[in-house]
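Read through the structure below, which is laid out as structure tokens, and then see the notes.
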Amino acid sequence: MSRKKVALLPQGTVSDEAVRYLFRGEDVEFVYCKMIADVFQSTANGHTDWSVIPIENTIDGSVNLHTDWLVHEVDLPIRAEWVYPSIQNLIGFGSELSGEDGRWSPDKIVKVMSHPVAMAQCLQFVRSKLPHAELETLSSTAEAVRTVKNNPGKGWAAFGTELAAADMGLDVLERGVTDHDNNFTRFLLVGHTPYETQISSTQKTSVLITLPEDYPGLLHQVLSAFAWRRINLSKIESRPTKKKLGTYYFYIDIVYSLDSVLLPGALAEIEALGCQVRLLGSYPSLPYEPAKAGNGASSR
């Protein structure tokens with residue numbers, strides 16, 4: 001039986017750490033892709049069984065680009081979700097960026113680079129310790145660390161993972177430079193292949209609901225279909241349909257399984273109101289357990 005393949009963002013990113021945690025101890029093959037479009041297309045085209053998608057972050061909220069890909073560009077069911085701590089570190093050549101006391105010196109850092117989301121998560125650190133440094137954004141934190149690796153002697157540093165620093169042979173100058181200690185990223189596992197390895201006491205269902213135009217009070221009626229059944233919604237977010245200015249769909253995460261008695265009735269009631277309902281997936285929501293974090297799956 002062939003190993004399952006998982007597409008994800010480059011080696012050394014938080015996505016890499018997160019997927020190693022999810023598939024710890026399992027015999028799966030990681031297929032690293034440079035861009036999120038490549039991640040989605042790898043699974044949509046059948047080259048991999050699943051894609052790993054960072055979809056939401058404690059500090060920055062939803063990753064709109066990734067949501068739009070999931071909604072508009074591909075038709076890949078959500079198979080699981082989990083959260084993983086998004087911890088960024090200041091990375092560079094210790095011998096180049098350290099002072100006489102052996103500690104890294106802010107004055108020796110000319111430029112800091114990272115992924116835009118990671119950079120935004122470290123702005124307080126930048127303002128307090130590196131206000132003079134040029135900031136540059138790249139396609140991933142791993143690409144930023146690799147760029148520093150390939151440009152010694154220039155006073156460059158990167159925000160990235162300890163995994164990337166170890167892979168590139170660089171030093172972690174300062175750990176945990178994100179602005180908030182509780183910074184977690186929510187990941188989705190999407191693909192046509194069912195995922196049944198882990199079970200969870202928490203099940204979620206994600207749907208898109210598009211309202212007909214010019215119908216005052218309809219959103220209230222939609223939410224009432226969930227409310228009177230006491231169905232909990234963990235997220236509701238509006239996004240443009242990309243068809244006409246001022247038209248939106250609602251992305252809703254429901255803390256309920258589609259196999260439950262009440263949820264199908266709620267969705268049927270919403271459709272009866274004239275709304276379009278698209279199911280994105282019904283899946284386990286897996287908790288983060290730090291003691292079990294670690295590697296264990298192979299990569300390519």
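Lettering and numbering for the structure tokens are positional, with chains as A, B, ... in the shown order, residues counted from 1 in each chain, and ligands counted from 1 in the shown order.
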Taking the DSSP assignment computed from this structure's backbone, write out as a count of residues only all residues of stretch 82-162 of chain A that belong to alpha helix (DSSP H).
-> 26
Using only C-alpha atoms, which residues sit within 10 Å of stretch 162-177 of chain A once same-chain residues fewer than 2 positions away are excluded, as a PDB file with N, CA, C and O atoms, in the first residue's frame?
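File written: around23.pdb
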```pdb
ATOM      1  N   PRO A  10       6.820  25.476   2.381  1.00  0.00           N
ATOM      2  CA  PRO A  10       8.203  24.977   2.403  1.00  0.00           C
ATOM      3  C   PRO A  10       8.677  24.405   3.731  1.00  0.00           C
ATOM      4  O   PRO A  10       8.179  24.736   4.806  1.00  0.00           O
ATOM      5  N   GLN A  11       9.687  23.550   3.605  1.00  0.00           N
ATOM      6  CA  GLN A  11      10.325  22.943   4.767  1.00  0.00           C
ATOM      7  C   GLN A  11      10.873  24.024   5.685  1.00  0.00           C
ATOM      8  O   GLN A  11      11.491  24.987   5.245  1.00  0.00           O
ATOM      9  N   GLY A  12      10.605  23.858   6.984  1.00  0.00           N
ATOM     10  CA  GLY A  12      11.090  24.819   7.962  1.00  0.00           C
ATOM     11  C   GLY A  12      10.092  25.884   8.345  1.00  0.00           C
ATOM     12  O   GLY A  12      10.369  26.700   9.226  1.00  0.00           O
ATOM     13  N   THR A  13       8.913  25.902   7.712  1.00  0.00           N
ATOM     14  CA  THR A  13       7.871  26.861   8.067  1.00  0.00           C
ATOM     15  C   THR A  13       7.067  26.353   9.259  1.00  0.00           C
ATOM     16  O   THR A  13       7.211  25.199   9.691  1.00  0.00           O
ATOM     17  N   VAL A  14       6.188  27.209   9.790  1.00  0.00           N
ATOM     18  CA  VAL A  14       5.285  26.761  10.856  1.00  0.00           C
ATOM     19  C   VAL A  14       4.374  25.652  10.324  1.00  0.00           C
ATOM     20  O   VAL A  14       4.031  24.722  11.060  1.00  0.00           O
ATOM     21  N   ASP A  16       5.228  23.334   8.334  1.00  0.00           N
ATOM     22  CA  ASP A  16       6.037  22.123   8.428  1.00  0.00           C
ATOM     23  C   ASP A  16       6.028  21.584   9.849  1.00  0.00           C
ATOM     24  O   ASP A  16       5.833  20.376  10.082  1.00  0.00           O
ATOM     25  N   GLU A  17       6.229  22.469  10.827  1.00  0.00           N
ATOM     26  CA  GLU A  17       6.177  22.032  12.225  1.00  0.00           C
ATOM     27  C   GLU A  17       4.797  21.473  12.566  1.00  0.00           C
ATOM     28  O   GLU A  17       4.672  20.440  13.240  1.00  0.00           O
ATOM     29  N   SER A  86       2.339  29.311  16.849  1.00  0.00           N
ATOM     30  CA  SER A  86       3.123  30.001  15.817  1.00  0.00           C
ATOM     31  C   SER A  86       4.187  30.823  16.515  1.00  0.00           C
ATOM     32  O   SER A  86       3.959  31.967  16.905  1.00  0.00           O
ATOM     33  N   ILE A  87       5.352  30.229  16.707  1.00  0.00           N
ATOM     34  CA  ILE A  87       6.438  30.861  17.455  1.00  0.00           C
ATOM     35  C   ILE A  87       7.535  31.277  16.484  1.00  0.00           C
ATOM     36  O   ILE A  87       8.132  30.439  15.812  1.00  0.00           O
ATOM     37  N   GLN A  88       7.781  32.577  16.397  1.00  0.00           N
ATOM     38  CA  GLN A  88       8.842  33.085  15.542  1.00  0.00           C
ATOM     39  C   GLN A  88      10.079  33.416  16.388  1.00  0.00           C
ATOM     40  O   GLN A  88       9.969  33.803  17.557  1.00  0.00           O
ATOM     41  N   ASN A  89      11.228  33.243  15.773  1.00  0.00           N
ATOM     42  CA  ASN A  89      12.502  33.479  16.438  1.00  0.00           C
ATOM     43  C   ASN A  89      13.381  34.349  15.547  1.00  0.00           C
ATOM     44  O   ASN A  89      13.253  34.327  14.322  1.00  0.00           O
ATOM     45  N   LEU A  90      14.274  35.112  16.157  1.00  0.00           N
ATOM     46  CA  LEU A  90      15.236  35.902  15.390  1.00  0.00           C
ATOM     47  C   LEU A  90      16.408  34.987  15.043  1.00  0.00           C
ATOM     48  O   LEU A  90      17.053  34.421  15.931  1.00  0.00           O
ATOM     49  N   ILE A  91      16.681  34.868  13.743  1.00  0.00           N
ATOM     50  CA  ILE A  91      17.651  33.884  13.245  1.00  0.00           C
ATOM     51  C   ILE A  91      18.712  34.568  12.386  1.00  0.00           C
ATOM     52  O   ILE A  91      18.390  35.468  11.598  1.00  0.00           O
ATOM     53  N   GLY A  92      19.945  34.145  12.525  1.00  0.00           N
ATOM     54  CA  GLY A  92      21.013  34.693  11.702  1.00  0.00           C
ATOM     55  C   GLY A  92      22.331  34.015  12.015  1.00  0.00           C
ATOM     56  O   GLY A  92      22.384  33.002  12.715  1.00  0.00           O
ATOM     57  N   PHE A  93      23.434  34.589  11.514  1.00  0.00           N
ATOM     58  CA  PHE A  93      24.777  34.105  11.827  1.00  0.00           C
ATOM     59  C   PHE A  93      25.207  34.714  13.156  1.00  0.00           C
ATOM     60  O   PHE A  93      25.471  35.914  13.247  1.00  0.00           O
ATOM     61  N   GLY A  94      25.301  33.881  14.197  1.00  0.00           N
ATOM     62  CA  GLY A  94      25.676  34.381  15.506  1.00  0.00           C
ATOM     63  C   GLY A  94      27.042  35.032  15.511  1.00  0.00           C
ATOM     64  O   GLY A  94      27.248  36.067  16.157  1.00  0.00           O
ATOM     65  N   SER A  95      27.994  34.451  14.787  1.00  0.00           N
ATOM     66  CA  SER A  95      29.354  34.987  14.760  1.00  0.00           C
ATOM     67  C   SER A  95      29.406  36.359  14.100  1.00  0.00           C
ATOM     68  O   SER A  95      30.256  37.192  14.433  1.00  0.00           O
ATOM     69  N   LEU A  97      26.664  38.571  13.945  1.00  0.00           N
ATOM     70  CA  LEU A  97      25.742  39.546  14.528  1.00  0.00           C
ATOM     71  C   LEU A  97      25.895  39.707  16.032  1.00  0.00           C
ATOM     72  O   LEU A  97      25.070  40.369  16.666  1.00  0.00           O
ATOM     73  N   SER A  98      26.933  39.137  16.604  1.00  0.00           N
ATOM     74  CA  SER A  98      27.137  39.224  18.056  1.00  0.00           C
ATOM     75  C   SER A  98      28.225  40.229  18.398  1.00  0.00           C
ATOM     76  O   SER A  98      29.157  40.461  17.621  1.00  0.00           O
ATOM     77  N   ARG A 103      26.599  38.181  22.912  1.00  0.00           N
ATOM     78  CA  ARG A 103      25.168  38.304  22.665  1.00  0.00           C
ATOM     79  C   ARG A 103      24.942  39.025  21.342  1.00  0.00           C
ATOM     80  O   ARG A 103      25.764  39.847  20.923  1.00  0.00           O
ATOM     81  N   TRP A 104      23.793  38.740  20.703  1.00  0.00           N
ATOM     82  CA  TRP A 104      23.522  39.408  19.434  1.00  0.00           C
ATOM     83  C   TRP A 104      23.342  40.912  19.665  1.00  0.00           C
ATOM     84  O   TRP A 104      22.791  41.341  20.670  1.00  0.00           O
ATOM     85  N   SER A 105      23.830  41.686  18.719  1.00  0.00           N
ATOM     86  CA  SER A 105      23.817  43.137  18.845  1.00  0.00           C
ATOM     87  C   SER A 105      22.855  43.748  17.835  1.00  0.00           C
ATOM     88  O   SER A 105      23.023  43.551  16.621  1.00  0.00           O
ATOM     89  N   GLN A 121       3.458  39.707  13.154  1.00  0.00           N
ATOM     90  CA  GLN A 121       3.375  39.144  14.494  1.00  0.00           C
ATOM     91  C   GLN A 121       4.536  39.580  15.390  1.00  0.00           C
ATOM     92  O   GLN A 121       4.511  39.325  16.592  1.00  0.00           O
ATOM     93  N   CYS A 122       5.545  40.218  14.808  1.00  0.00           N
ATOM     94  CA  CYS A 122       6.751  40.582  15.559  1.00  0.00           C
ATOM     95  C   CYS A 122       7.019  42.084  15.570  1.00  0.00           C
ATOM     96  O   CYS A 122       8.148  42.514  15.843  1.00  0.00           O
ATOM     97  N   LEU A 123       6.018  42.895  15.289  1.00  0.00           N
ATOM     98  CA  LEU A 123       6.239  44.333  15.127  1.00  0.00           C
ATOM     99  C   LEU A 123       6.664  45.023  16.416  1.00  0.00           C
ATOM    100  O   LEU A 123       7.455  45.972  16.391  1.00  0.00           O
ATOM    101  N   GLN A 124       6.151  44.584  17.545  1.00  0.00           N
ATOM    102  CA  GLN A 124       6.563  45.196  18.810  1.00  0.00           C
ATOM    103  C   GLN A 124       8.044  44.947  19.068  1.00  0.00           C
ATOM    104  O   GLN A 124       8.770  45.829  19.546  1.00  0.00           O
ATOM    105  N   PHE A 125       8.497  43.755  18.737  1.00  0.00           N
ATOM    106  CA  PHE A 125       9.912  43.422  18.891  1.00  0.00           C
ATOM    107  C   PHE A 125      10.756  44.299  17.967  1.00  0.00           C
ATOM    108  O   PHE A 125      11.807  44.809  18.360  1.00  0.00           O
ATOM    109  N   VAL A 126      10.281  44.479  16.731  1.00  0.00           N
ATOM    110  CA  VAL A 126      11.003  45.319  15.771  1.00  0.00           C
ATOM    111  C   VAL A 126      11.089  46.747  16.281  1.00  0.00           C
ATOM    112  O   VAL A 126      12.161  47.379  16.257  1.00  0.00           O
ATOM    113  N   THR A 141       8.575  32.068   5.762  1.00  0.00           N
ATOM    114  CA  THR A 141       9.619  32.255   6.770  1.00  0.00           C
ATOM    115  C   THR A 141      10.840  31.419   6.411  1.00  0.00           C
ATOM    116  O   THR A 141      11.983  31.843   6.644  1.00  0.00           O
ATOM    117  N   ALA A 142      10.623  30.233   5.847  1.00  0.00           N
ATOM    118  CA  ALA A 142      11.747  29.380   5.454  1.00  0.00           C
ATOM    119  C   ALA A 142      12.570  30.029   4.351  1.00  0.00           C
ATOM    120  O   ALA A 142      13.812  29.945   4.360  1.00  0.00           O
ATOM    121  N   GLU A 143      11.900  30.687   3.404  1.00  0.00           N
ATOM    122  CA  GLU A 143      12.613  31.387   2.336  1.00  0.00           C
ATOM    123  C   GLU A 143      13.436  32.534   2.918  1.00  0.00           C
ATOM    124  O   GLU A 143      14.568  32.807   2.457  1.00  0.00           O
ATOM    125  N   ALA A 144      12.914  33.196   3.928  1.00  0.00           N
ATOM    126  CA  ALA A 144      13.653  34.279   4.576  1.00  0.00           C
ATOM    127  C   ALA A 144      14.912  33.747   5.247  1.00  0.00           C
ATOM    128  O   ALA A 144      16.001  34.330   5.119  1.00  0.00           O
ATOM    129  N   VAL A 145      14.792  32.639   5.962  1.00  0.00           N
ATOM    130  CA  VAL A 145      15.961  32.042   6.625  1.00  0.00           C
ATOM    131  C   VAL A 145      16.980  31.582   5.579  1.00  0.00           C
ATOM    132  O   VAL A 145      18.195  31.765   5.747  1.00  0.00           O
ATOM    133  N   ARG A 146      16.493  31.004   4.496  1.00  0.00           N
ATOM    134  CA  ARG A 146      17.396  30.555   3.425  1.00  0.00           C
ATOM    135  C   ARG A 146      18.132  31.736   2.787  1.00  0.00           C
ATOM    136  O   ARG A 146      19.321  31.633   2.463  1.00  0.00           O
ATOM    137  N   THR A 147      17.423  32.857   2.618  1.00  0.00           N
ATOM    138  CA  THR A 147      18.054  34.045   2.032  1.00  0.00           C
ATOM    139  C   THR A 147      19.164  34.569   2.933  1.00  0.00           C
ATOM    140  O   THR A 147      20.236  34.967   2.453  1.00  0.00           O
ATOM    141  N   VAL A 148      18.935  34.562   4.247  1.00  0.00           N
ATOM    142  CA  VAL A 148      19.979  34.956   5.186  1.00  0.00           C
ATOM    143  C   VAL A 148      21.170  34.004   5.086  1.00  0.00           C
ATOM    144  O   VAL A 148      22.342  34.436   5.054  1.00  0.00           O
ATOM    145  N   LYS A 149      20.889  32.718   5.007  1.00  0.00           N
ATOM    146  CA  LYS A 149      21.941  31.704   4.890  1.00  0.00           C
ATOM    147  C   LYS A 149      22.816  31.956   3.662  1.00  0.00           C
ATOM    148  O   LYS A 149      24.053  31.796   3.715  1.00  0.00           O
ATOM    149  N   ASN A 150      22.191  32.366   2.572  1.00  0.00           N
ATOM    150  CA  ASN A 150      22.920  32.544   1.312  1.00  0.00           C
ATOM    151  C   ASN A 150      23.581  33.917   1.173  1.00  0.00           C
ATOM    152  O   ASN A 150      24.203  34.199   0.140  1.00  0.00           O
ATOM    153  N   ALA A 157      19.075  39.277   9.008  1.00  0.00           N
ATOM    154  CA  ALA A 157      18.484  38.309   9.939  1.00  0.00           C
ATOM    155  C   ALA A 157      17.069  37.998   9.466  1.00  0.00           C
ATOM    156  O   ALA A 157      16.539  38.666   8.569  1.00  0.00           O
ATOM    157  N   ALA A 158      16.468  36.985  10.068  1.00  0.00           N
ATOM    158  CA  ALA A 158      15.122  36.573   9.652  1.00  0.00           C
ATOM    159  C   ALA A 158      14.307  36.180  10.870  1.00  0.00           C
ATOM    160  O   ALA A 158      14.850  35.760  11.899  1.00  0.00           O
ATOM    161  N   PHE A 159      12.987  36.328  10.745  1.00  0.00           N
ATOM    162  CA  PHE A 159      12.057  35.743  11.703  1.00  0.00           C
ATOM    163  C   PHE A 159      11.614  34.394  11.137  1.00  0.00           C
ATOM    164  O   PHE A 159      11.109  34.334  10.011  1.00  0.00           O
ATOM    165  N   GLY A 160      11.811  33.341  11.906  1.00  0.00           N
ATOM    166  CA  GLY A 160      11.445  32.019  11.413  1.00  0.00           C
ATOM    167  C   GLY A 160      11.418  31.006  12.534  1.00  0.00           C
ATOM    168  O   GLY A 160      11.512  31.349  13.725  1.00  0.00           O
ATOM    169  N   ASP A 179       4.722  38.954  19.325  1.00  0.00           N
ATOM    170  CA  ASP A 179       4.187  39.974  20.234  1.00  0.00           C
ATOM    171  C   ASP A 179       3.293  39.391  21.322  1.00  0.00           C
ATOM    172  O   ASP A 179       3.090  40.030  22.353  1.00  0.00           O
ATOM    173  N   HIS A 180       2.738  38.208  21.090  1.00  0.00           N
ATOM    174  CA  HIS A 180       1.816  37.603  22.056  1.00  0.00           C
ATOM    175  C   HIS A 180       2.228  36.159  22.333  1.00  0.00           C
ATOM    176  O   HIS A 180       2.568  35.414  21.409  1.00  0.00           O
ATOM    177  N   ASP A 181       2.168  35.765  23.593  1.00  0.00           N
ATOM    178  CA  ASP A 181       2.576  34.415  23.978  1.00  0.00           C
ATOM    179  C   ASP A 181       1.568  33.350  23.537  1.00  0.00           C
ATOM    180  O   ASP A 181       1.923  32.187  23.399  1.00  0.00           O
TER     181      ASP A 181
END
```
Atom-to-atom span, atom CA of A:Gly265 and atom CA of A:Thr197, Å |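 Rounded to one decimal, the two atoms are 28.9 Å apart.
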Quick one: of A:His72, A:Arg127, A:Lys154, A:Lys111, who's nearest to A:Glu96, counting only C-alpha atoms?
->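 Using only C-alpha atoms, the shortest distance to A:Glu96 belongs to A:Lys154.
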List every residue of stretch 62-104 of chain A that has an atom at most 12 Å from any atom of stretch 231-247 of chain A, giving for each one its closest atom pair and the distance in Å to one decimal, counting only C-alpha atoms, sorted by chain and then by ascending residue number, as a tab-separated table.
```
residue	atom	partner	partner_atom	distance
A:Ser62	CA	A:Glu237	CA	9.1
A:Val63	CA	A:Arg239	CA	11.7
A:Asn64	CA	A:Arg239	CA	8.5
A:Leu65	CA	A:Arg239	CA	11.0
A:Thr67	CA	A:Arg239	CA	9.1
A:Asp68	CA	A:Arg239	CA	8.5
A:Val71	CA	A:Thr241	CA	9.4
A:His72	CA	A:Thr241	CA	8.7
A:Glu73	CA	A:Lys242	CA	11.8
```
